[in-house]
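For reference, the structure discussed in these notes is given below.
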Amino acid sequence: MLIFNKKSELSAFLSPFIDQHKSIGFVPTMGALHQGHLSLLEKSLAENDITVMSIFVNPTQFNNAEDLDKYPRTLEEDIKKMSQLSHSIIVYAPEISDIYEGNTVSESFEYDGLEHQMEGRHRPGHFDGVGTIVKRLFEVVKPATAYFGEKDFQQLQIVKKLVDKHALPVNIIGCPIYREKSGLAMSSRNERLSMNARKKAAIVFEILQLAKKTFSEKSISDTIAFVKTEFEKHPEFELEYFEITDEATLLSADSKVSNQKYRGFIAVFIEKIRLIDNISLN
Ligand code: AMP
C-alpha cells in the first residue's frame, strides 16, 4: 500500500496514470474506518483502475471545537483495515498544512439553498468546510469518479451541486447506508459512545422505520409529531431535528405531492455525541 502525506508527491505519482487515461476512483474520508467506509472502497476498487482513499480530519468543517478535538484518529488501524481489502489502494493522509498552507479557513460556497437546510442550519459553516476540502482534494486526485455515502445524504447532494456549479469533471456516486447489526448507522463517532449508549442508539433507526410506516398512513405533520413523541419516551436522547423533505431540494415538506420522493432526516444527541441518519420514506 502506498501512503502519501504530500499532495505534490501524490500528484506526481498519479499524473502518468491520468496521462494513460486510467480511471481513478476516489473515496474521501476522515478516517476511523468502519465497514461503511470500506463498502465505498470496495465499490471504487471494482469500478476503477486505481483507487485513492484520503484520510483527513478536516478542521474547517467542524463547528464544534470539542467534536474536532475528540474525533477519533486511528491511521494505523485504518491502514490495516484497508490492506485486508487490497494492497493496491493509494492512501493520501496529509497534515493540515499540506491542504491549507498556513491559512486554515474555508472558502465560501453557494449551493442553491441546499446549504441552508438541516445540517447547514445546525452546523454553521459546515458545508463551506466540506466544499473547500472536497474541491481541493478533487484538484489533487483528479478522480473520474468519487464515492460518497447516503449516510450524509445532504452532503452527497451538496457535492453533486458543487460539481455542477464548478463544472468539475467528476462523476459522483451515492452509496447506501451501511448499518450495524442493531440497525444503527455506522459512524466513526459511534466509537465514542459507551456500550450502553451504543445499544440504545439502535432506537434511532427503529423510530425512523416506524416513521416510514406512519408516513405511508398519515400526514407529514402526524409523522413528525410521532417521531417527537417517541423520543420524549427516551430522555437519554436529545432530538435536535427530525425533518421530512423533498429528496431533491431538501426543502421541508408540509404536504404530500404525488410522484414526489420524500426522505426523513434526523439528528440526535446521546451522551453529547451527535448522531445523524436518514431514511427514504416512499
Ligand atoms: P466520514 O469519514 O464520516 O467523513 O465519511 C466518509 C464517507 O463515508 C462519506 O461519504 C460518508 O457519507 C461515508 N459514510 C460514512 N458512514 C457511512 C455508512 N454507515 N454507510 C455508508 N457510507 C458511509
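Ordered as shown in the C-alpha cells, chains take letters A, B, and onward, while each chain numbers its residues from 1 and ligands are numbered from 1 in the order shown.
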Give the residue list for ligand 1 at 7 Å, counting only C-alpha atoms and all ligand atoms, as a PyMOL selection string, sorted by chain and then by residue number. chain A and resi 27-31+36-37+39-40+147-152+175-179+185-188
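Excluding range 11-19 of chain A and any residue on its chain fewer than 2 positions from it, the residues at most 9 Å away by only C-alpha atoms are Lys6, Lys7, Ser8, Glu9, His21, Lys22, Ser23, Ile24, Ile50, Val140, Val141, Lys142 and Pro143 of chain A.
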Could the residues in this selection be written to a file with N, CA, C and O atoms, as a PDB file, in the first residue's frame?
ATOM      1  N   LYS A   6       2.021  14.172   1.173  1.00  0.00           N
ATOM      2  CA  LYS A   6       2.178  15.458   0.478  1.00  0.00           C
ATOM      3  C   LYS A   6       1.423  15.425  -0.844  1.00  0.00           C
ATOM      4  O   LYS A   6       1.597  14.505  -1.645  1.00  0.00           O
ATOM      5  N   LYS A   7       0.643  16.476  -1.076  1.00  0.00           N
ATOM      6  CA  LYS A   7      -0.146  16.494  -2.314  1.00  0.00           C
ATOM      7  C   LYS A   7       0.748  16.540  -3.550  1.00  0.00           C
ATOM      8  O   LYS A   7       0.416  15.955  -4.578  1.00  0.00           O
ATOM      9  N   SER A   8       1.913  17.204  -3.439  1.00  0.00           N
ATOM     10  CA  SER A   8       2.806  17.283  -4.603  1.00  0.00           C
ATOM     11  C   SER A   8       3.273  15.880  -4.995  1.00  0.00           C
ATOM     12  O   SER A   8       3.327  15.535  -6.184  1.00  0.00           O
ATOM     13  N   GLU A   9       3.563  15.051  -3.972  1.00  0.00           N
ATOM     14  CA  GLU A   9       4.054  13.696  -4.277  1.00  0.00           C
ATOM     15  C   GLU A   9       2.918  12.815  -4.807  1.00  0.00           C
ATOM     16  O   GLU A   9       3.114  12.003  -5.717  1.00  0.00           O
ATOM     17  N   HIS A  21      -4.905   7.655 -19.338  1.00  0.00           N
ATOM     18  CA  HIS A  21      -6.379   7.536 -19.260  1.00  0.00           C
ATOM     19  C   HIS A  21      -6.851   6.401 -18.362  1.00  0.00           C
ATOM     20  O   HIS A  21      -7.874   5.777 -18.615  1.00  0.00           O
ATOM     21  N   LYS A  22      -6.060   6.102 -17.326  1.00  0.00           N
ATOM     22  CA  LYS A  22      -6.526   5.129 -16.315  1.00  0.00           C
ATOM     23  C   LYS A  22      -7.602   5.819 -15.476  1.00  0.00           C
ATOM     24  O   LYS A  22      -7.489   7.023 -15.181  1.00  0.00           O
ATOM     25  N   SER A  23      -8.610   5.054 -15.111  1.00  0.00           N
ATOM     26  CA  SER A  23      -9.685   5.688 -14.320  1.00  0.00           C
ATOM     27  C   SER A  23      -9.314   5.684 -12.842  1.00  0.00           C
ATOM     28  O   SER A  23      -8.883   4.664 -12.290  1.00  0.00           O
ATOM     29  N   ILE A  24      -9.475   6.849 -12.226  1.00  0.00           N
ATOM     30  CA  ILE A  24      -9.182   6.965 -10.791  1.00  0.00           C
ATOM     31  C   ILE A  24     -10.499   7.073 -10.040  1.00  0.00           C
ATOM     32  O   ILE A  24     -11.321   7.957 -10.306  1.00  0.00           O
ATOM     33  N   ILE A  50      -7.595   2.549 -10.607  1.00  0.00           N
ATOM     34  CA  ILE A  50      -6.840   2.972  -9.418  1.00  0.00           C
ATOM     35  C   ILE A  50      -7.825   3.519  -8.400  1.00  0.00           C
ATOM     36  O   ILE A  50      -8.769   4.237  -8.775  1.00  0.00           O
ATOM     37  N   VAL A 140      -6.387  17.703  -6.537  1.00  0.00           N
ATOM     38  CA  VAL A 140      -5.135  16.941  -6.393  1.00  0.00           C
ATOM     39  C   VAL A 140      -5.279  15.539  -6.998  1.00  0.00           C
ATOM     40  O   VAL A 140      -4.418  15.085  -7.754  1.00  0.00           O
ATOM     41  N   VAL A 141      -6.378  14.860  -6.660  1.00  0.00           N
ATOM     42  CA  VAL A 141      -6.525  13.443  -7.036  1.00  0.00           C
ATOM     43  C   VAL A 141      -6.993  13.296  -8.492  1.00  0.00           C
ATOM     44  O   VAL A 141      -6.683  12.310  -9.157  1.00  0.00           O
ATOM     45  N   LYS A 142      -7.742  14.283  -8.975  1.00  0.00           N
ATOM     46  CA  LYS A 142      -8.320  14.258 -10.322  1.00  0.00           C
ATOM     47  C   LYS A 142      -9.073  12.951 -10.612  1.00  0.00           C
ATOM     48  O   LYS A 142      -8.810  12.255 -11.610  1.00  0.00           O
ATOM     49  N   PRO A 143     -10.010  12.610  -9.755  1.00  0.00           N
ATOM     50  CA  PRO A 143     -10.720  11.347  -9.963  1.00  0.00           C
ATOM     51  C   PRO A 143     -11.714  11.443 -11.118  1.00  0.00           C
ATOM     52  O   PRO A 143     -12.254  12.521 -11.383  1.00  0.00           O
TER      53      PRO A 143
END
Which of these, A:Thr51, A:Ser216, A:Ser194, A:Gln157, has the shortest distance to Gly113 in chain A once you count only C-alpha atoms?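 Among the listed residues, the smallest separation from Gly113 in chain A belongs to A:Gln157.
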Of the residues A:Gln35, A:Ser108, A:Asn5, A:Ser54, which is the one nearest to Pro94 in chain A, using only C-alpha atoms?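 Of A:Gln35, A:Ser108, A:Asn5, A:Ser54, the one nearest Pro94 in chain A, counting only C-alpha atoms, is A:Asn5.
Closest to Ser44 in chain A among A:Leu114, A:Thr60, A:Ala144, A:Glu247 is A:Ala144, based on only C-alpha atoms.
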I'd like to know which residues of range 6-152 of chain A are strand (DSSP E or B) (by DSSP, run on the backbone); could you write them as an mmCIF file with N, CA and C atoms, in the first residue's frame?
data_model
loop_
_atom_site.group_PDB
_atom_site.id
_atom_site.type_symbol
_atom_site.label_atom_id
_atom_site.label_comp_id
_atom_site.auth_asym_id
_atom_site.auth_seq_id
_atom_site.Cartn_x
_atom_site.Cartn_y
_atom_site.Cartn_z
ATOM 1 N N ILE A 24 -9.475 6.849 -12.226
ATOM 2 C CA ILE A 24 -9.182 6.965 -10.791
ATOM 3 C C ILE A 24 -10.499 7.073 -10.040
ATOM 4 N N GLY A 25 -10.690 6.151 -9.087
ATOM 5 C CA GLY A 25 -11.837 6.219 -8.178
ATOM 6 C C GLY A 25 -11.347 6.795 -6.862
ATOM 7 N N PHE A 26 -12.175 7.615 -6.237
ATOM 8 C CA PHE A 26 -11.725 8.342 -5.044
ATOM 9 C C PHE A 26 -12.755 8.241 -3.921
ATOM 10 N N VAL A 27 -12.259 7.933 -2.724
ATOM 11 C CA VAL A 27 -13.127 7.858 -1.539
ATOM 12 C C VAL A 27 -12.557 8.785 -0.458
ATOM 13 N N PRO A 28 -13.115 9.988 -0.332
ATOM 14 C CA PRO A 28 -12.629 10.878 0.731
ATOM 15 C C PRO A 28 -13.251 10.516 2.079
ATOM 16 N N THR A 29 -12.422 10.459 3.118
ATOM 17 C CA THR A 29 -12.933 10.142 4.461
ATOM 18 C C THR A 29 -12.153 10.942 5.504
ATOM 19 N N ILE A 50 -7.595 2.549 -10.607
ATOM 20 C CA ILE A 50 -6.840 2.972 -9.418
ATOM 21 C C ILE A 50 -7.825 3.519 -8.400
ATOM 22 N N THR A 51 -7.595 3.184 -7.129
ATOM 23 C CA THR A 51 -8.456 3.737 -6.080
ATOM 24 C C THR A 51 -7.614 4.519 -5.078
ATOM 25 N N VAL A 52 -8.048 5.744 -4.838
ATOM 26 C CA VAL A 52 -7.379 6.597 -3.845
ATOM 27 C C VAL A 52 -8.350 6.815 -2.688
ATOM 28 N N MET A 53 -7.849 6.637 -1.466
ATOM 29 C CA MET A 53 -8.654 6.999 -0.291
ATOM 30 C C MET A 53 -7.910 8.089 0.463
ATOM 31 N N SER A 54 -8.622 9.166 0.796
ATOM 32 C CA SER A 54 -7.979 10.179 1.631
ATOM 33 C C SER A 54 -8.473 10.024 3.059
ATOM 34 N N ILE A 55 -7.565 10.274 3.978
ATOM 35 C CA ILE A 55 -7.889 10.256 5.403
ATOM 36 C C ILE A 55 -7.423 11.587 5.966
ATOM 37 N N ILE A 90 -4.306 3.481 -2.880
ATOM 38 C CA ILE A 90 -3.382 4.608 -2.674
ATOM 39 C C ILE A 90 -3.990 5.480 -1.576
ATOM 40 N N VAL A 91 -3.214 5.707 -0.527
ATOM 41 C CA VAL A 91 -3.733 6.479 0.606
ATOM 42 C C VAL A 91 -3.108 7.876 0.612
ATOM 43 N N TYR A 92 -3.956 8.848 0.807
ATOM 44 C CA TYR A 92 -3.464 10.226 0.982
ATOM 45 C C TYR A 92 -3.887 10.665 2.382
ATOM 46 N N THR A 145 -14.274 9.345 -10.860
ATOM 47 C CA THR A 145 -15.468 9.039 -10.059
ATOM 48 C C THR A 145 -15.127 9.168 -8.579
ATOM 49 N N ALA A 146 -16.065 9.733 -7.821
ATOM 50 C CA ALA A 146 -15.870 9.803 -6.364
ATOM 51 C C ALA A 146 -17.110 9.241 -5.684
ATOM 52 N N TYR A 147 -16.875 8.579 -4.570
ATOM 53 C CA TYR A 147 -17.921 7.817 -3.883
ATOM 54 C C TYR A 147 -18.235 8.468 -2.543
ATOM 55 N N PHE A 148 -19.514 8.717 -2.318
ATOM 56 C CA PHE A 148 -19.977 9.343 -1.066
ATOM 57 C C PHE A 148 -21.143 8.530 -0.521
ATOM 58 N N GLY A 149 -21.269 8.500 0.808
ATOM 59 C CA GLY A 149 -22.314 7.698 1.438
ATOM 60 C C GLY A 149 -23.618 8.471 1.596
#
Need the shell around Ile270 in chain A: protein/DNA/RNA residues with any atom at most 12 Å away, counting only C-alpha atoms. Skip same-chain ones fewer than 3 positions apart. Format as an MDAnalysis selection string? chainID A and resid 189:190 192:194 196:204 231 234:240 267 273:276
Measuring between only C-alpha atoms, which one of A:Asp69, A:Glu191, A:Asp277, A:Glu217 shows the shortest distance to Phe242 in chain A? A:Asp277
What lies within 8 Å of range 158-165 of chain A using only C-alpha atoms, ignoring chain neighbours under 5 positions off, as a PDB file with C-alpha atoms, in the first residue's frame?
ATOM      1  CA  TYR A 111     -25.317  25.550  -3.310  1.00  0.00           C
ATOM      2  CA  LEU A 114     -29.204  23.282  -0.093  1.00  0.00           C
ATOM      3  CA  GLU A 115     -26.706  24.633   2.429  1.00  0.00           C
ATOM      4  CA  PHE A 127     -20.770  22.981   4.157  1.00  0.00           C
ATOM      5  CA  GLY A 131     -16.871  22.314  -0.227  1.00  0.00           C
ATOM      6  CA  VAL A 134     -13.744  18.267  -1.456  1.00  0.00           C
ATOM      7  CA  VAL A 170     -16.045  14.082 -11.623  1.00  0.00           C
ATOM      8  CA  ILE A 172     -20.427  11.426  -8.074  1.00  0.00           C
TER       9      ILE A 172
END
As a ChimeraX atom specification, please: every residue in range 65-155 of chain A that DSSP puts in helix (DSSP H, G or I). /A:65-70,75-85,96-100,114-116,118-122,126-141,150-155
I want to know what sits within 9 Å of Leu75 in chain A, based on only C-alpha atoms, with residues of the same chain fewer than 4 positions away left out; could you give that as a PDB file with C-alpha atoms, in the first residue's frame?
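Written output follows (around-v6.pdb):
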ATOM      1  CA  GLY A  31     -10.661   8.015   8.892  1.00  0.00           C
ATOM      2  CA  ALA A  32     -11.555   5.849  11.907  1.00  0.00           C
ATOM      3  CA  LEU A  33     -12.661   3.497   9.182  1.00  0.00           C
ATOM      4  CA  ILE A  55      -7.889  10.256   5.403  1.00  0.00           C
ATOM      5  CA  ILE A  79      -4.285   1.109   7.087  1.00  0.00           C
ATOM      6  CA  LYS A  80      -4.625  -2.437   8.452  1.00  0.00           C
ATOM      7  CA  ALA A  93      -3.180  11.195   4.656  1.00  0.00           C
TER       8      ALA A  93
END
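CA of Ser219 in chain A lies 21.6 Å from CA of Lys233 in chain A.
In this model, the gap between CA of Phe56 in chain A and CA of Glu110 in chain A comes to 23.3 Å.
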Provide the CA of Val268 in chain A to CA of Gln117 in chain A distance in Å, to one decimal place.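 Between these atoms lies a distance of 16.0 Å.
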